[in-house]
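The next block holds one structure in the form of structure tokens; read it before the comments.
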Amino acid sequence: MNASNYVVLSAVLFSIGAVGVLIRRNALVVFMCVELMLNASNLAFVTFARTTGTLDGQVTAFFVMVVAAAEVVVGLAIIMMIYRSRRSASVDDASLLKL
Amino acid sequence: MSGEAWTFWIVAPLTVLGGLGLVMSRKAVHSALWLAVTMIGLAVLYIAQDAPFLGVVQVIVYTGAVMMLFLFVIMLVGVDASDSLVETLRGQRVAALLAGSGLAVVLVTAVTRSILGAPVDGATLAPVGNVEGLADLIFSDYLFAFEVTSALLITAAVGALVLTLQPRAARRRSQRELAAERFRPEDGDFSMAAGLPTPGVLARHNAVGTPALLPDGTPSELSYSRVLQARQSLAEAADGVDEPLPTDEGEELTSDERPADGGERE
């Protein structure tokens, strides 16, 4: 099967995630859309690993997963902190550097 | 069509559907579940592309750990917190949709016009096996990146702990101080030496939110958790009703839902 199908799917998922980041207000949903974009890039990495015939793409996707896991932990902690101080998880409300 | 093509054409629409559901759901919980659909679909696609290790890691790390973390935080932040439909910047949604579809068109055009090599099969990709091949690479060429990853992970864990740590409002009293308070009271009142009275367990109501009744039939404030009292008064303030604690009259004690109600509203 043609490998470009997978890359097209990856591009479509990436665009959906980008649109989500732009139009959603809830910080958690914005964060999930970023995860969708990371996943889409992983799919492209795996597909390119297959077309180039080496495993380097899969190793890169693996590292992306690790970094994404660390990013989720810290990001959710920040969202929790903002929620505690402002009682809101909306990205519009966090418009000042301090309360 | 080959088996791989069948898999792709069944799973790919599902992943796109999951992505659209993620963006369009009003509630954050629904978004999280749609994202889980997308992630499982991607795991299937990884396995179909001779990357079984990544497929399994995708299910365990993303669908298992990351999505559960998201759901935990959604439950903490409030399930019913849905997006407002008010646009902060006028026309931002339309502009974002246009920009997003533009991005999709550019990316898809670039991909379809580019020349990708023919996909190789799994045996060529990793002659010794997928996991063994990945391990060979990670522990040779990518060893430094792998070690840095461990530092990153521990930094992230410590960072999350530091960020979410809540300082105690009051100093924690030691067991010694608590015991001294009970058995060597300053006012000489030893009535609490045997501990506070337990919550009332009655024939028709045995919730922990029920106060014990004193011999004269009045409820004992001491038998009732202060947390539950605060929750109940919060719930009553929200309802605008000012109910007293349940008394010894049978019909009032049947109100099973009251303590549970206060708990849910927290």
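We label chains A, B, ... in the order they appear in the structure tokens, count residues from 1 in each chain, and number ligands from 1 in the order shown.
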Per residue of chain B within 6 Å of chain A, which atom pair is closest and at what distance in Å (one decimal), using only C-alpha atoms, listed by chain and increasing number, as CSV?
```
residue,atom,partner,partner_atom,distance
B:Val23,CA,A:Gly20,CA,5.1
B:Asp83,CA,A:Asn26,CA,5.9
B:Arg93,CA,A:Ile23,CA,5.6
B:Ala96,CA,A:Leu22,CA,5.9
B:Gly100,CA,A:Val19,CA,5.2
B:Ala104,CA,A:Ser15,CA,5.4
B:Leu107,CA,A:Ala11,CA,5.9
B:Val108,CA,A:Val8,CA,5.5
B:Gly117,CA,A:Thr51,CA,5.0
B:Ala118,CA,A:Thr51,CA,5.6
B:Pro119,CA,A:Thr51,CA,4.3
B:Val120,CA,A:Arg50,CA,5.8
B:Leu125,CA,A:Gly53,CA,5.2
B:Leu153,CA,A:Ala70,CA,5.7
B:Ala156,CA,A:Ala70,CA,5.5
B:Ala160,CA,A:Val74,CA,5.2
B:Thr164,CA,A:Ala77,CA,5.9
```
Next, dump the selected residues to file, keeping only N, CA and C atoms, as a PDB file, in the first residue's frame.
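The resulting again.pdb:
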```pdb
ATOM      1  N   VAL B  23     -12.358  18.035  18.826  1.00  0.00           N
ATOM      2  CA  VAL B  23     -12.444  19.485  18.656  1.00  0.00           C
ATOM      3  C   VAL B  23     -13.868  19.974  18.882  1.00  0.00           C
ATOM      4  N   ASP B  83     -17.065  24.815  27.582  1.00  0.00           N
ATOM      5  CA  ASP B  83     -16.589  26.042  26.960  1.00  0.00           C
ATOM      6  C   ASP B  83     -17.700  27.061  26.819  1.00  0.00           C
ATOM      7  N   ARG B  93     -12.945  32.302  15.248  1.00  0.00           N
ATOM      8  CA  ARG B  93     -13.241  30.913  14.896  1.00  0.00           C
ATOM      9  C   ARG B  93     -13.152  30.698  13.398  1.00  0.00           C
ATOM     10  N   ALA B  96      -9.618  30.809  12.332  1.00  0.00           N
ATOM     11  CA  ALA B  96      -8.896  29.598  12.705  1.00  0.00           C
ATOM     12  C   ALA B  96      -9.256  28.452  11.786  1.00  0.00           C
ATOM     13  N   GLY B 100      -6.666  26.596   9.487  1.00  0.00           N
ATOM     14  CA  GLY B 100      -6.472  25.154   9.653  1.00  0.00           C
ATOM     15  C   GLY B 100      -6.680  24.412   8.353  1.00  0.00           C
ATOM     16  N   ALA B 104      -4.025  22.232   6.208  1.00  0.00           N
ATOM     17  CA  ALA B 104      -4.276  20.866   5.735  1.00  0.00           C
ATOM     18  C   ALA B 104      -4.024  20.774   4.238  1.00  0.00           C
ATOM     19  N   LEU B 107      -0.231  20.909   3.519  1.00  0.00           N
ATOM     20  CA  LEU B 107       0.471  19.688   3.925  1.00  0.00           C
ATOM     21  C   LEU B 107       0.119  18.526   3.010  1.00  0.00           C
ATOM     22  N   VAL B 108      -1.189  18.362   2.719  1.00  0.00           N
ATOM     23  CA  VAL B 108      -1.604  17.222   1.889  1.00  0.00           C
ATOM     24  C   VAL B 108      -1.037  17.360   0.487  1.00  0.00           C
ATOM     25  N   GLY B 117       9.693   6.714  -0.807  1.00  0.00           N
ATOM     26  CA  GLY B 117      10.165   5.403  -1.195  1.00  0.00           C
ATOM     27  C   GLY B 117       9.088   4.368  -0.967  1.00  0.00           C
ATOM     28  N   ALA B 118       9.182   3.263  -1.668  1.00  0.00           N
ATOM     29  CA  ALA B 118       8.209   2.195  -1.453  1.00  0.00           C
ATOM     30  C   ALA B 118       8.404   1.636  -0.054  1.00  0.00           C
ATOM     31  N   PRO B 119       7.330   1.371   0.671  1.00  0.00           N
ATOM     32  CA  PRO B 119       7.485   0.846   2.025  1.00  0.00           C
ATOM     33  C   PRO B 119       8.122  -0.539   2.013  1.00  0.00           C
ATOM     34  N   VAL B 120       9.047  -0.745   2.924  1.00  0.00           N
ATOM     35  CA  VAL B 120       9.684  -2.052   3.034  1.00  0.00           C
ATOM     36  C   VAL B 120       8.902  -2.886   4.028  1.00  0.00           C
ATOM     37  N   LEU B 125      13.000  -4.195   7.509  1.00  0.00           N
ATOM     38  CA  LEU B 125      13.133  -3.060   8.415  1.00  0.00           C
ATOM     39  C   LEU B 125      13.947  -3.444   9.642  1.00  0.00           C
ATOM     40  N   LEU B 153      12.497  12.932  32.694  1.00  0.00           N
ATOM     41  CA  LEU B 153      11.334  12.353  33.367  1.00  0.00           C
ATOM     42  C   LEU B 153      11.350  12.655  34.855  1.00  0.00           C
ATOM     43  N   ALA B 156      10.445  16.217  35.407  1.00  0.00           N
ATOM     44  CA  ALA B 156       9.015  16.461  35.231  1.00  0.00           C
ATOM     45  C   ALA B 156       8.243  15.995  36.456  1.00  0.00           C
ATOM     46  N   ALA B 160       6.156  18.498  38.795  1.00  0.00           N
ATOM     47  CA  ALA B 160       4.714  18.401  39.037  1.00  0.00           C
ATOM     48  C   ALA B 160       4.417  18.360  40.525  1.00  0.00           C
ATOM     49  N   THR B 164       2.152  21.347  42.375  1.00  0.00           N
ATOM     50  CA  THR B 164       0.826  21.088  42.917  1.00  0.00           C
ATOM     51  C   THR B 164       0.830  20.935  44.432  1.00  0.00           C
TER      52      THR B 164
END
```
Which polymer residues have any atom within 9 Å of an atom of Glu4 in chain B, counting only C-alpha atoms, with same-chain residues fewer than 3 positions away left out, as a CSV table (one decimal) with N, CA and C atoms, in the first residue's frame?
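Generated output (out-v5.csv):
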```csv
chain,number,residue,atom,x,y,z
A,1,MET,N,0.8,-1.2,0.0
A,1,MET,CA,0.0,0.0,0.0
A,1,MET,C,0.9,1.2,0.0
B,1,MET,N,-7.6,-5.7,-2.4
B,1,MET,CA,-6.9,-4.9,-1.4
B,1,MET,C,-6.2,-5.8,-0.4
B,7,THR,N,-7.1,-2.6,6.8
B,7,THR,CA,-6.9,-2.0,8.1
B,7,THR,C,-6.9,-0.5,8.0
B,8,PHE,N,-6.1,0.0,7.1
B,8,PHE,CA,-6.0,1.5,7.0
B,8,PHE,C,-7.4,2.1,6.7
B,9,TRP,N,-8.1,1.6,5.7
B,9,TRP,CA,-9.3,2.3,5.3
B,9,TRP,C,-10.4,2.2,6.3
B,45,LEU,N,-2.6,1.5,13.6
B,45,LEU,CA,-1.9,1.8,12.4
B,45,LEU,C,-0.4,1.6,12.6
B,48,ALA,N,0.1,-2.1,12.2
B,48,ALA,CA,0.0,-2.4,10.8
B,48,ALA,C,1.2,-2.0,10.0
B,49,GLN,N,2.0,-1.0,10.5
B,49,GLN,CA,3.2,-0.6,9.8
B,49,GLN,C,4.4,-1.2,10.4
```
Using DSSP on the backbone coordinates, identify all residues within range 68-169 of chain B classified as alpha helix (DSSP H); present the result as an mmCIF file with C-alpha atoms, in the first residue's frame.
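Done, and the output landed in out_2.cif:
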```
data_model
loop_
_atom_site.group_PDB
_atom_site.id
_atom_site.type_symbol
_atom_site.label_atom_id
_atom_site.label_comp_id
_atom_site.auth_asym_id
_atom_site.auth_seq_id
_atom_site.Cartn_x
_atom_site.Cartn_y
_atom_site.Cartn_z
ATOM 1 C CA MET B 68 -6.141 8.651 32.609
ATOM 2 C CA LEU B 69 -4.116 11.613 33.860
ATOM 3 C CA PHE B 70 -6.259 13.893 31.710
ATOM 4 C CA LEU B 71 -9.451 12.339 33.045
ATOM 5 C CA PHE B 72 -8.226 12.723 36.623
ATOM 6 C CA VAL B 73 -7.536 16.413 36.093
ATOM 7 C CA ILE B 74 -10.869 16.904 34.318
ATOM 8 C CA MET B 75 -12.627 15.371 37.311
ATOM 9 C CA LEU B 76 -10.648 17.605 39.682
ATOM 10 C CA VAL B 77 -11.232 20.768 37.682
ATOM 11 C CA GLN B 92 -11.450 34.215 15.433
ATOM 12 C CA ARG B 93 -13.241 30.913 14.896
ATOM 13 C CA VAL B 94 -13.749 31.485 11.199
ATOM 14 C CA ALA B 95 -10.160 32.656 10.809
ATOM 15 C CA ALA B 96 -8.896 29.598 12.705
ATOM 16 C CA LEU B 97 -10.968 27.255 10.547
ATOM 17 C CA LEU B 98 -9.683 28.922 7.383
ATOM 18 C CA ALA B 99 -6.084 28.805 8.588
ATOM 19 C CA GLY B 100 -6.472 25.154 9.653
ATOM 20 C CA SER B 101 -7.944 24.062 6.335
ATOM 21 C CA GLY B 102 -5.223 26.037 4.587
ATOM 22 C CA LEU B 103 -2.609 24.182 6.594
ATOM 23 C CA ALA B 104 -4.276 20.866 5.735
ATOM 24 C CA VAL B 105 -4.331 21.719 2.011
ATOM 25 C CA VAL B 106 -0.664 22.763 2.015
ATOM 26 C CA LEU B 107 0.471 19.688 3.925
ATOM 27 C CA VAL B 108 -1.604 17.222 1.889
ATOM 28 C CA THR B 109 -0.480 18.777 -1.383
ATOM 29 C CA ALA B 110 3.146 18.628 -0.324
ATOM 30 C CA VAL B 111 2.801 14.992 0.721
ATOM 31 C CA THR B 112 0.976 13.824 -2.373
ATOM 32 C CA ARG B 113 3.431 15.593 -4.678
ATOM 33 C CA GLY B 122 9.040 -5.769 8.568
ATOM 34 C CA ALA B 123 11.762 -8.339 7.896
ATOM 35 C CA THR B 124 13.825 -5.830 5.926
ATOM 36 C CA LEU B 125 13.133 -3.060 8.415
ATOM 37 C CA ASN B 130 11.334 -5.010 16.000
ATOM 38 C CA VAL B 131 12.042 -4.806 19.720
ATOM 39 C CA GLU B 132 15.604 -6.061 19.321
ATOM 40 C CA GLY B 133 16.280 -3.638 16.476
ATOM 41 C CA LEU B 134 14.941 -0.697 18.491
ATOM 42 C CA ALA B 135 16.982 -1.752 21.514
ATOM 43 C CA ASP B 136 20.114 -1.948 19.347
ATOM 44 C CA LEU B 137 19.576 1.619 18.201
ATOM 45 C CA ILE B 138 18.525 3.082 21.556
ATOM 46 C CA LEU B 143 22.260 6.242 24.135
ATOM 47 C CA PHE B 144 22.921 9.850 25.133
ATOM 48 C CA ALA B 145 19.380 10.947 24.234
ATOM 49 C CA PHE B 146 18.044 7.972 26.170
ATOM 50 C CA GLU B 147 19.995 8.920 29.290
ATOM 51 C CA VAL B 148 18.921 12.548 29.014
ATOM 52 C CA THR B 149 15.344 11.260 28.851
ATOM 53 C CA SER B 150 15.675 9.801 32.320
ATOM 54 C CA ALA B 151 16.760 13.191 33.677
ATOM 55 C CA LEU B 152 13.809 14.780 31.871
ATOM 56 C CA LEU B 153 11.334 12.353 33.367
ATOM 57 C CA ILE B 154 12.543 12.781 36.921
ATOM 58 C CA THR B 155 12.589 16.562 36.491
ATOM 59 C CA ALA B 156 9.015 16.461 35.231
ATOM 60 C CA ALA B 157 7.878 14.299 38.150
ATOM 61 C CA VAL B 158 9.560 16.517 40.748
ATOM 62 C CA GLY B 159 8.309 19.628 38.959
ATOM 63 C CA ALA B 160 4.714 18.401 39.037
ATOM 64 C CA LEU B 161 5.050 17.612 42.738
ATOM 65 C CA VAL B 162 6.452 21.053 43.517
ATOM 66 C CA LEU B 163 3.834 22.819 41.405
ATOM 67 C CA THR B 164 0.826 21.088 42.917
#
```
So what do you get for CA of Pro197 in chain B versus CA of Arg184 in chain B, distance-wise?
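Computed distance, CA of Pro197 in chain B to CA of Arg184 in chain B, equals 18.9 Å.
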